[in-house]
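Enquirer: Just so it is clear, I am handing over my_file08.csv, which has CSV, C-alpha atoms and all ligand atoms.
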```
chain,number,residue,atom,x,y,z
A,1,MET,CA,0.0,0.0,0.0
A,2,TRP,CA,1.2,3.5,-1.0
A,3,ARG,CA,1.3,5.6,2.3
A,4,ALA,CA,0.8,9.3,2.6
A,5,SER,CA,1.4,11.1,6.0
A,6,ILE,CA,0.4,14.7,6.1
A,7,LEU,CA,1.5,17.2,8.8
A,8,THR,CA,-0.9,20.2,8.8
A,9,LEU,CA,-2.6,22.8,10.9
A,10,TYR,CA,-5.8,21.9,9.1
A,11,PRO,CA,-6.4,18.1,9.2
A,12,ASP,CA,-10.1,18.7,8.5
A,13,MET,CA,-9.2,19.7,4.9
A,14,PHE,CA,-8.3,16.0,4.2
A,15,PRO,CA,-9.2,13.9,2.3
A,16,GLY,CA,-11.2,16.7,0.7
A,17,PRO,CA,-11.4,16.2,-3.0
A,18,LEU,CA,-9.1,13.2,-2.7
A,19,GLY,CA,-12.1,11.4,-1.1
A,20,THR,CA,-14.1,11.3,-4.4
A,21,SER,CA,-13.7,9.8,-7.8
A,22,LEU,CA,-10.5,7.8,-8.8
A,23,SER,CA,-8.5,8.7,-5.7
A,24,GLY,CA,-11.5,8.2,-3.3
A,25,ASP,CA,-12.3,4.8,-4.7
A,26,ALA,CA,-8.6,3.8,-4.5
A,27,LEU,CA,-8.5,5.1,-0.9
A,28,ALA,CA,-11.6,3.0,0.0
A,29,ARG,CA,-10.0,-0.1,-1.7
A,30,GLY,CA,-6.8,0.3,0.3
A,31,THR,CA,-4.6,1.0,-2.8
A,32,TRP,CA,-3.2,3.9,-0.8
A,33,SER,CA,-3.6,5.3,2.8
A,34,LEU,CA,-3.8,8.8,4.1
A,35,GLU,CA,-3.1,9.8,7.7
A,36,THR,CA,-3.1,13.4,9.0
A,37,HIS,CA,-1.2,14.7,12.0
A,38,ASN,CA,-2.2,18.0,13.5
A,39,ILE,CA,0.9,20.2,14.1
A,40,ARG,CA,-1.2,22.1,16.7
A,41,GLU,CA,-1.1,19.2,19.1
A,42,HIS,CA,2.6,19.9,19.5
A,43,GLY,CA,2.0,23.7,20.1
A,44,LEU,CA,3.3,25.4,23.2
A,45,GLY,CA,1.4,26.7,26.2
A,46,ARG,CA,-2.2,27.1,26.9
A,47,HIS,CA,-2.9,28.4,23.4
A,48,ARG,CA,-0.8,25.7,21.7
A,49,ALA,CA,1.2,28.3,19.8
A,50,VAL,CA,2.9,26.9,16.7
A,51,ASP,CA,4.3,30.1,15.3
A,52,ASP,CA,6.3,33.2,16.3
A,53,THR,CA,7.5,36.5,14.8
A,54,PRO,CA,10.3,36.4,12.2
A,55,ALA,CA,13.8,36.9,13.5
A,56,GLY,CA,15.1,40.1,11.9
A,57,GLY,CA,11.6,41.6,11.8
A,58,GLY,CA,9.1,41.8,9.0
A,59,PRO,CA,5.5,40.9,8.4
A,60,GLY,CA,3.7,37.6,9.3
A,61,MET,CA,4.6,34.7,11.4
A,62,VAL,CA,6.9,31.6,11.1
A,63,ILE,CA,6.2,28.0,12.2
A,64,ARG,CA,8.6,27.2,15.0
A,65,ALA,CA,11.4,24.7,14.4
A,66,ASP,CA,10.9,23.0,17.8
A,67,VAL,CA,7.2,22.6,17.3
A,68,LEU,CA,7.4,21.2,13.8
A,69,ALA,CA,10.3,18.9,14.7
A,70,SER,CA,8.3,17.5,17.6
A,71,ALA,CA,5.3,16.9,15.3
A,72,LEU,CA,7.5,15.2,12.7
A,73,ASP,CA,9.2,13.0,15.3
A,74,GLY,CA,5.9,12.0,16.8
A,75,ALA,CA,4.2,11.3,13.5
A,76,LEU,CA,6.8,9.5,11.4
A,77,PRO,CA,8.6,6.3,12.2
A,78,ALA,CA,12.4,6.6,12.9
A,79,VAL,CA,13.1,4.3,10.0
A,80,ASP,CA,11.0,5.5,7.0
A,81,GLU,CA,11.9,5.1,3.4
A,82,ARG,CA,9.5,7.7,2.3
A,83,PRO,CA,10.8,11.1,1.1
A,84,ARG,CA,9.9,14.0,3.5
A,85,LEU,CA,8.5,16.8,1.5
A,86,LEU,CA,7.7,20.4,2.5
A,87,MET,CA,5.3,22.1,0.2
A,88,SER,CA,6.9,25.5,-0.6
A,89,PRO,CA,6.9,28.1,-3.4
A,90,ARG,CA,10.7,28.1,-3.0
A,91,GLY,CA,10.9,24.4,-3.8
A,92,ARG,CA,11.9,22.6,-7.0
A,93,PRO,CA,8.9,22.6,-9.3
A,94,LEU,CA,6.9,19.4,-9.4
A,95,THR,CA,7.1,17.6,-12.7
A,96,GLN,CA,5.4,14.5,-14.2
A,97,ALA,CA,8.7,12.7,-14.0
A,98,ARG,CA,9.0,13.4,-10.3
A,99,VAL,CA,5.4,12.4,-9.8
A,100,ARG,CA,6.1,9.0,-11.5
A,101,ALA,CA,9.1,8.5,-9.3
A,102,LEU,CA,7.1,9.2,-6.2
A,103,ALA,CA,4.3,7.0,-7.3
A,104,ALA,CA,6.7,4.1,-7.8
A,105,GLY,CA,8.0,4.4,-4.3
A,106,PRO,CA,6.6,3.6,-0.8
A,107,GLY,CA,4.7,6.9,-0.5
A,108,VAL,CA,5.3,10.3,0.9
A,109,ALA,CA,5.4,12.3,4.1
A,110,ILE,CA,4.4,15.9,3.5
A,111,VAL,CA,4.5,19.0,5.7
A,112,CYS,CA,2.0,21.7,4.8
A,113,GLY,CA,3.3,25.2,5.6
A,114,ARG,CA,1.2,28.2,6.6
A,115,PHE,CA,1.9,31.9,7.4
A,116,GLU,CA,5.3,33.0,6.1
A,117,GLY,CA,6.6,29.4,6.1
A,118,VAL,CA,8.7,27.4,8.5
A,119,ASP,CA,11.9,28.0,10.4
A,120,GLU,CA,14.8,27.2,8.1
A,121,ARG,CA,16.5,25.1,10.8
A,122,VAL,CA,13.8,22.4,10.8
A,123,ILE,CA,14.1,22.1,7.0
A,124,GLU,CA,17.8,21.3,7.4
A,125,GLY,CA,17.5,19.4,10.7
A,126,ARG,CA,14.8,17.0,9.6
A,127,GLY,CA,15.9,16.7,5.9
A,128,LEU,CA,12.8,18.2,4.4
A,129,GLU,CA,12.8,18.6,0.6
A,130,GLU,CA,11.0,21.7,-0.6
A,131,VAL,CA,8.6,21.1,-3.5
A,132,SER,CA,6.6,23.7,-5.4
A,133,ILE,CA,3.5,23.2,-7.5
A,134,GLY,CA,4.0,26.4,-9.5
A,135,ASP,CA,5.2,30.0,-9.5
A,136,TYR,CA,2.4,31.5,-7.5
A,137,VAL,CA,1.7,31.7,-3.8
A,138,LEU,CA,-1.1,29.8,-2.0
A,139,SER,CA,-2.2,30.5,1.5
A,140,GLY,CA,-1.1,27.1,2.7
A,141,GLY,CA,0.5,23.8,1.7
A,142,GLU,CA,-2.7,21.7,2.0
A,143,ILE,CA,-4.1,22.3,-1.5
A,144,ALA,CA,-0.6,22.0,-2.9
A,145,SER,CA,-0.1,18.6,-1.1
A,146,MET,CA,-3.5,17.4,-2.6
A,147,VAL,CA,-2.3,18.4,-6.0
A,148,LEU,CA,0.8,16.2,-5.5
A,149,LEU,CA,-1.1,13.3,-4.0
A,150,ASP,CA,-3.7,13.4,-6.8
A,151,ALA,CA,-1.0,13.3,-9.5
A,152,CYS,CA,0.7,10.3,-7.7
A,153,VAL,CA,-2.4,8.3,-6.8
A,154,ARG,CA,-3.8,8.2,-10.3
A,155,LEU,CA,-0.6,6.4,-11.4
A,156,LEU,CA,-0.8,3.7,-8.8
A,157,PRO,CA,-1.5,0.2,-10.2
A,158,GLY,CA,-5.2,-0.4,-10.8
A,159,VAL,CA,-6.3,3.2,-10.2
A,160,MET,CA,-6.8,4.2,-13.8
A,161,GLY,CA,-8.4,1.9,-16.3
A,162,LYS,CA,-6.2,-0.1,-18.7
A,163,GLU,CA,-7.4,2.2,-21.5
A,164,ALA,CA,-6.0,5.2,-19.7
A,165,SER,CA,-2.5,4.1,-18.8
A,166,GLY,CA,-1.3,7.7,-18.8
A,167,SER,CA,1.6,6.8,-21.2
A,168,GLU,CA,0.3,9.2,-23.9
A,169,GLU,CA,-0.5,12.1,-21.7
A,170,SER,CA,0.9,15.6,-21.6
A,171,PHE,CA,4.5,15.7,-20.5
A,172,GLU,CA,5.0,11.9,-20.8
A,173,GLY,CA,6.9,12.2,-24.1
A,174,GLY,CA,8.2,15.6,-23.2
A,175,LEU,CA,5.3,17.1,-25.2
A,176,LEU,CA,1.8,18.4,-24.6
A,177,GLU,CA,-0.9,16.0,-25.6
A,178,TYR,CA,-2.6,16.1,-29.0
A,179,PRO,CA,-6.3,17.3,-29.3
A,180,HIS,CA,-9.2,14.9,-28.6
A,181,TYR,CA,-12.5,14.5,-30.4
A,182,THR,CA,-15.6,12.3,-29.9
A,183,ARG,CA,-19.2,12.1,-31.2
A,184,PRO,CA,-21.0,13.8,-32.9
A,185,ARG,CA,-19.1,13.7,-36.1
A,186,GLU,CA,-20.1,17.3,-36.7
A,187,TRP,CA,-20.9,19.9,-34.0
A,188,GLU,CA,-21.9,23.5,-34.7
A,189,GLY,CA,-20.4,23.3,-38.1
A,190,ARG,CA,-17.1,21.9,-36.8
A,191,ALA,CA,-16.0,18.5,-38.2
A,192,ILE,CA,-13.7,15.9,-36.6
A,193,PRO,CA,-10.4,16.0,-38.5
A,194,GLU,CA,-10.8,13.6,-41.4
A,195,THR,CA,-7.6,11.7,-40.5
A,196,LEU,CA,-9.0,10.5,-37.2
A,197,LEU,CA,-11.9,8.9,-39.0
A,198,SER,CA,-9.7,7.2,-41.7
A,199,GLY,CA,-9.1,4.0,-39.8
A,200,ASP,CA,-5.4,4.3,-40.9
A,201,HIS,CA,-3.6,3.8,-37.6
A,202,ALA,CA,-0.2,4.9,-38.9
A,203,ARG,CA,-1.7,8.1,-40.3
A,204,ILE,CA,-3.5,8.8,-37.1
A,205,ALA,CA,-0.3,8.3,-35.0
A,206,ARG,CA,1.5,10.7,-37.4
A,207,TRP,CA,-1.3,13.3,-37.1
A,208,ARG,CA,-1.2,13.1,-33.3
A,209,ALA,CA,2.5,13.4,-33.1
A,210,ASP,CA,2.5,16.4,-35.4
A,211,GLU,CA,-0.3,18.1,-33.4
A,212,ALA,CA,1.5,17.4,-30.1
A,213,ARG,CA,4.6,19.1,-31.5
A,214,ARG,CA,2.7,22.0,-32.9
A,215,LEU,CA,0.8,22.7,-29.6
A,216,THR,CA,4.0,22.3,-27.6
A,217,ALA,CA,5.9,24.7,-29.9
A,218,GLU,CA,3.0,27.2,-29.6
A,219,ARG,CA,2.3,27.0,-25.9
A,220,ARG,CA,5.3,25.6,-24.2
A,221,PRO,CA,8.5,26.1,-26.3
A,222,ASP,CA,10.5,25.7,-23.1
A,223,LEU,CA,9.6,21.9,-23.1
A,224,LEU,CA,11.1,21.6,-26.6
A,225,LYS,CA,14.3,23.2,-25.4
A,226,GLY,CA,14.5,20.7,-22.6
A,227,ASP,CA,14.5,23.5,-20.0
B,1,LIG,N1,6.5,33.5,2.5
B,1,LIG,C1,6.5,32.4,1.6
B,1,LIG,C2,7.3,32.7,0.3
B,1,LIG,O1,7.3,33.9,-0.1
B,1,LIG,O2,7.9,31.8,-0.2
B,1,LIG,C3,5.1,32.0,1.2
B,1,LIG,C4,4.3,31.3,2.3
B,1,LIG,S1,2.7,30.8,1.8
B,1,LIG,C5,1.7,32.2,2.1
B,1,LIG,C6,2.2,29.6,3.0
B,1,LIG,C7,2.5,28.2,2.7
B,1,LIG,O3,1.7,27.8,1.5
B,1,LIG,C8,3.9,27.8,2.3
B,1,LIG,O4,4.7,27.6,3.5
B,1,LIG,C9,3.7,26.5,1.5
B,1,LIG,O5,3.5,25.4,2.4
B,1,LIG,C10,2.4,26.8,0.8
B,1,LIG,N2,2.5,27.2,-0.6
B,1,LIG,C11,2.2,28.4,-1.1
B,1,LIG,N3,2.5,28.4,-2.4
B,1,LIG,C12,2.9,27.2,-2.7
B,1,LIG,C13,3.4,26.7,-4.0
B,1,LIG,N4,3.4,27.4,-5.1
B,1,LIG,N5,3.8,25.4,-4.0
B,1,LIG,C14,3.8,24.6,-2.8
B,1,LIG,N6,3.4,25.1,-1.6
B,1,LIG,C15,2.9,26.4,-1.6
```
Can I see the file as structure tokens?

Expert:
Amino acid sequence: MWRASILTLYPDMFPGPLGTSLSGDALARGTWSLETHNIREHGLGRHRAVDDTPAGGGPGMVIRADVLASALDGALPAVDERPRLLMSPRGRPLTQARVRALAAGPGVAIVCGRFEGVDERVIEGRGLEEVSIGDYVLSGGEIASMVLLDACVRLLPGVMGKEASGSEESFEGGLLEYPHYTRPREWEGRAIPETLLSGDHARIARWRADEARRLTAERRPDLLKGD
């Protein structure tokens, strides 16, 4: 079973959207497991404080290293093969290749940040790897962690149907995916490209490859450069 452990200040957000459709069915079947740990339980004092003001001044609050370390030490087994990730806009951007690698492993442990982020010392001291889901700032790591989990879980064996192995999807061959069409044959004066109705599989494969390259060049030239 692929195991996900989530450290968060908002455990009620889980499983959220991951509890429905493909990921929800897979969760119910036991293909993967999800456990949440509330960082607040390791907070200090009567108010269970988890954050404090940034050293050096500035706006916002920072999650304390001692609090998060205690939450991590309490939640995760001492011997654990799973990567320890910290959702963070400063992290290395998540890619489909990384998602595939994570899905092929034993699972993930994920820390969801809040406020201005977490004290740098706990990132170093507990070997957290920062992962970003894109160049924009969310209010917390919870939704970011769900994005990562959704991308991984759909690749676990038996989660997608055989017909949708994911092998032809966007990014898999370094390109965006070709366009799709289905019935009716004509809709509002727009016809399905004739090639797709030809029954000639080699021609169809060529058309799709050309379209994938055309779309990638148009929308994501960075992918063609191998950036
Ligand atoms: N002060 C931080 C910065 O400028 O890098 C942003 C903190 S953000 C308001 C709060 C939390 O949301 C972060 O600690 C992280 O866990 C999460 N988060 C925000 N944007 C994210 C992104 N693009 N990818 C992954 N996690 C993100």

Enquirer: Which residues, written as a list of chain:residue names, have at least one atom at most 10 Å from A:Gly107, with all atoms listed in the file counted and residues fewer than 4 positions away on the same chain left out?

Expert: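 What passes the distance filter is A:Met1, A:Trp2, A:Arg3, A:Ala4, A:Ser5, A:Trp32, A:Ser33, A:Leu34, A:Asp80, A:Glu81, A:Arg82, A:Pro83, A:Arg84, A:Ala101, A:Leu102, A:Ala103, A:Leu149, A:Cys152, A:Val153.
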
Enquirer: Restricting the calculation to all atoms listed in the file: of A:Gly113, A:Pro15, A:Pro77, A:Gly105, which residue gets closest to A:Arg90?

Expert: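 Among the listed residues, A:Gly113 lies closest to A:Arg90.
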
Enquirer: Could you list, as a PDB file with C-alpha atoms, keeping the file's coordinate frame, all residues that come within 7 Å of ligand LIG 1 (chain B)? Count only C-alpha atoms and all ligand atoms.

Expert:
```pdb
ATOM      1  CA  LEU A  86       7.700  20.400   2.500  1.00  0.00           C
ATOM      2  CA  MET A  87       5.300  22.100   0.200  1.00  0.00           C
ATOM      3  CA  SER A  88       6.900  25.500  -0.600  1.00  0.00           C
ATOM      4  CA  PRO A  89       6.900  28.100  -3.400  1.00  0.00           C
ATOM      5  CA  ARG A  90      10.700  28.100  -3.000  1.00  0.00           C
ATOM      6  CA  CYS A 112       2.000  21.700   4.800  1.00  0.00           C
ATOM      7  CA  GLY A 113       3.300  25.200   5.600  1.00  0.00           C
ATOM      8  CA  ARG A 114       1.200  28.200   6.600  1.00  0.00           C
ATOM      9  CA  PHE A 115       1.900  31.900   7.400  1.00  0.00           C
ATOM     10  CA  GLU A 116       5.300  33.000   6.100  1.00  0.00           C
ATOM     11  CA  GLY A 117       6.600  29.400   6.100  1.00  0.00           C
ATOM     12  CA  VAL A 118       8.700  27.400   8.500  1.00  0.00           C
ATOM     13  CA  VAL A 131       8.600  21.100  -3.500  1.00  0.00           C
ATOM     14  CA  SER A 132       6.600  23.700  -5.400  1.00  0.00           C
ATOM     15  CA  ILE A 133       3.500  23.200  -7.500  1.00  0.00           C
ATOM     16  CA  GLY A 134       4.000  26.400  -9.500  1.00  0.00           C
ATOM     17  CA  ASP A 135       5.200  30.000  -9.500  1.00  0.00           C
ATOM     18  CA  TYR A 136       2.400  31.500  -7.500  1.00  0.00           C
ATOM     19  CA  VAL A 137       1.700  31.700  -3.800  1.00  0.00           C
ATOM     20  CA  LEU A 138      -1.100  29.800  -2.000  1.00  0.00           C
ATOM     21  CA  SER A 139      -2.200  30.500   1.500  1.00  0.00           C
ATOM     22  CA  GLY A 140      -1.100  27.100   2.700  1.00  0.00           C
ATOM     23  CA  GLY A 141       0.500  23.800   1.700  1.00  0.00           C
ATOM     24  CA  ALA A 144      -0.600  22.000  -2.900  1.00  0.00           C
TER      25      ALA A 144
END
```

Enquirer: Could you pull out every residue with an atom within 10 Å of (-13.4, 12.8, -31.3), file coordinates, counting only C-alpha atoms, and send them as a PyMOL selection string?

Expert: chain A and resi 179-186+191-193+196-197

Enquirer: Do you know which residues are at most 12 Å from A:Asp150 counting all atoms listed in the file, after dropping those on the same chain fewer than 5 positions away, and could you put them as a PyMOL selection string?

Expert: chain A and resi 4+15-24+26-27+32+34+96+99-100+102-103+143-145+155-156+159-160

Enquirer: Enter the distance from atom CA of A:Gly199 to atom CA of A:Glu211, in Å, rounded to one decimal.

Expert: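 Separation of atom CA of A:Gly199 and atom CA of A:Glu211: 17.8 Å.
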
Enquirer: For each of A:Tyr10, A:Ile123, A:Gly173, A:Arg220, take the minimum atom-to-atom distance to A:Leu68, counting only C-alpha atoms, then give the residue where this is smallest.

Expert: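 Using only C-alpha atoms, the shortest distance to A:Leu68 belongs to A:Ile123.
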